[in-house]
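Let me begin by presenting the structure, written as structure tokens, before commenting on it.
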Amino acid sequence: MAELSGLQIFKYLPAAKKSEVSNCKKCGCPTCMAYALKLAKKQADVDVCPYIPDTLRSLLEYSNKEPQKTVKINDLVIGGENVLFRHEKTFINKTAIAVVIDTLQPNWREILKQVEDFEIVRVNETMKVDLVIFSGPDMKNCCSTLNYMSFDDFCNLPIEIILDEGFEKTAEYLIESRQKAVLDRDENYSKPVCVMMNGRDNLQEVCAKVSYYICKYANMVVLRDFDEALVSTLMTLRQNIFTDPQKPLQVESKIYEFNNPDENSLVFLTTNFALTFFAVTNELESLKQSSYLIVTPADGMSVLTAWSAEKFTANMVVNTLKKYEFSSKMKNRDIIIPGLLEHMKDELQAEINNAGLNFNIVIGTIEAFEIQDFVKRYIASKN
Ligand code: SF4
């Protein structure tokens, strides 16, 4: 049984049974439903309602048991997962990517340096190898700027280490153990699971297998060989899987500058949804022209979602322009907005005119990759 939802809890409370004590407020909540929702989120104490039946009490006790233990390895944390699917709530700790360095290899220091120097930056996150595991006879000269430990210490961690003896076997075990942990609260499966790759597969096989293990449900994978392209691919996938669906990736709302802009530079506008921001940023960085990118606050929503949720309004655009006193800084009076917002051009233009900001709204592209061609056409039209 997974965690109880508010509705499942409510079924056991007096209001659901139409009892005379329904919604008595003794728990501090205005209704039994409000209390049920708080209990589901673990924001209320089970003892504050005097009418909770024993059945519900034991169900809550059972469902509140931690399905998977959390293990700390210096500043690396793995495990602690409590759902099977990210959309149920969120995944907690990313699948750690560890690399074994065998000190019997003559070039192990060179490999270690490659591992230490490796990093990728994607959607504002800097990612490096999570753990270096040294294997070999002489450990006293082994240290790293990354998290590191000896193979013996690694084997003594309170985690379950399985050797990848074949895709089907490993995948089946990973799924079974997560299901037993989350659905049955089976303590025999409560340790984080680490898959040790076998070192015999080629790069493509490792990539395909580990990609699957990251999705379902390895808490750590240990690679026998280090390859930058492989680790970059795995980290990119991992970042997507472990994004919290309740917290859209967002960037700071402000005016960004590209290629030393001045008063005549191009001006683009979008919302603070991180994926849109980085797609547009890539294009603006590679333009020959300098530009500004005005990023409006939208709780990390993409432009159309933000517009439909009233998180992207003409008033917000005007407020952002005023906040940064952008009007007084510019001779260029055109602001290029995303093509997806064409329908709000008139409304936006009217709000800007009313505010006395003297900017013209220009409809830009729907896709970021079209920006380069758009700019060529736009500049030609101005000459
Ligand atoms: Fe409902 Fe119990 Fe709260 Fe009263 S104390 S409102 S019965 S949940």
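Within each chain, counting starts at residue 1; across the structure tokens, chains are named A, B, ... in the order shown, with ligands numbered 1 upward in that order.
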
Item to complete: May I ask you to write as a count of residues only all residues lying at most 9 Å from ligand 1, with only C-alpha atoms and all ligand atoms counted?
Response: 27

Fill in: Residues of region 36-108 of chain A in helix (DSSP H, G or I), written as a PyMOL selection string
chain A and resi 36-40+46-48+54-63+86-88+108

Worksheet entry | Selection near Met235 (chain A), 9 Å with only C-alpha atoms, sequence-local residues under 6 positions removed, as a list in words | Ile97, Ile120, Met127 and Lys128 of chain A

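Restricting the calculation to only C-alpha atoms, the smallest distance between Val362 (chain A) and any of A:Ala309, A:Leu266, A:Val71, A:Ala279 is found for A:Leu266.
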
Discussion item. Need the shell around region 198-200 of chain A: protein/DNA/RNA residues with any atom at most 10 Å away, counting only C-alpha atoms. Skip same-chain ones fewer than 5 positions apart. Format as a PyMOL selection string?
Written reply: chain A and resi 163-166+205-206+222-225

Go ahead and dump the residues you just picked, N, CA, C and O atoms, as an mmCIF file, in the first residue's frame.
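What landed in again_1.cif:
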```cif
data_model
loop_
_atom_site.group_PDB
_atom_site.id
_atom_site.type_symbol
_atom_site.label_atom_id
_atom_site.label_comp_id
_atom_site.auth_asym_id
_atom_site.auth_seq_id
_atom_site.Cartn_x
_atom_site.Cartn_y
_atom_site.Cartn_z
ATOM 1 N N LEU A 163 25.412 -6.993 -8.845
ATOM 2 C CA LEU A 163 26.277 -6.996 -10.021
ATOM 3 C C LEU A 163 25.406 -7.155 -11.250
ATOM 4 O O LEU A 163 24.501 -7.994 -11.270
ATOM 5 N N ASP A 164 25.646 -6.337 -12.252
ATOM 6 C CA ASP A 164 24.828 -6.400 -13.475
ATOM 7 C C ASP A 164 25.217 -7.640 -14.278
ATOM 8 O O ASP A 164 26.140 -7.614 -15.078
ATOM 9 N N GLU A 165 24.469 -8.709 -14.070
ATOM 10 C CA GLU A 165 24.786 -9.972 -14.750
ATOM 11 C C GLU A 165 23.982 -10.136 -16.027
ATOM 12 O O GLU A 165 24.036 -11.166 -16.676
ATOM 13 N N GLY A 166 23.186 -9.137 -16.354
ATOM 14 C CA GLY A 166 22.341 -9.244 -17.548
ATOM 15 C C GLY A 166 21.196 -8.277 -17.386
ATOM 16 O O GLY A 166 20.678 -8.105 -16.275
ATOM 17 N N GLU A 205 26.167 -0.488 -25.046
ATOM 18 C CA GLU A 205 25.382 -1.370 -24.155
ATOM 19 C C GLU A 205 25.288 -0.757 -22.762
ATOM 20 O O GLU A 205 24.226 -0.751 -22.142
ATOM 21 N N VAL A 206 26.420 -0.227 -22.290
ATOM 22 C CA VAL A 206 26.406 0.400 -20.954
ATOM 23 C C VAL A 206 25.422 1.568 -20.948
ATOM 24 O O VAL A 206 24.608 1.729 -20.030
ATOM 25 N N VAL A 222 27.496 2.082 -10.678
ATOM 26 C CA VAL A 222 28.959 2.170 -10.618
ATOM 27 C C VAL A 222 29.509 1.767 -11.975
ATOM 28 O O VAL A 222 29.278 0.650 -12.455
ATOM 29 N N LEU A 223 30.218 2.678 -12.611
ATOM 30 C CA LEU A 223 30.809 2.413 -13.930
ATOM 31 C C LEU A 223 32.237 1.924 -13.735
ATOM 32 O O LEU A 223 32.969 2.462 -12.910
ATOM 33 N N ARG A 224 32.621 0.923 -14.525
ATOM 34 C CA ARG A 224 33.992 0.394 -14.427
ATOM 35 C C ARG A 224 34.964 1.231 -15.248
ATOM 36 O O ARG A 224 36.164 1.193 -15.026
ATOM 37 N N ASP A 225 34.422 1.926 -16.279
ATOM 38 C CA ASP A 225 35.288 2.766 -17.116
ATOM 39 C C ASP A 225 34.673 4.147 -17.196
ATOM 40 O O ASP A 225 33.450 4.294 -17.168
#
```

Discussion item. Could you tell me how far CA of Arg238 (chain A) sits from CA of Pro338 (chain A), in Å to one decimal place?
Written reply: 29.3 Å
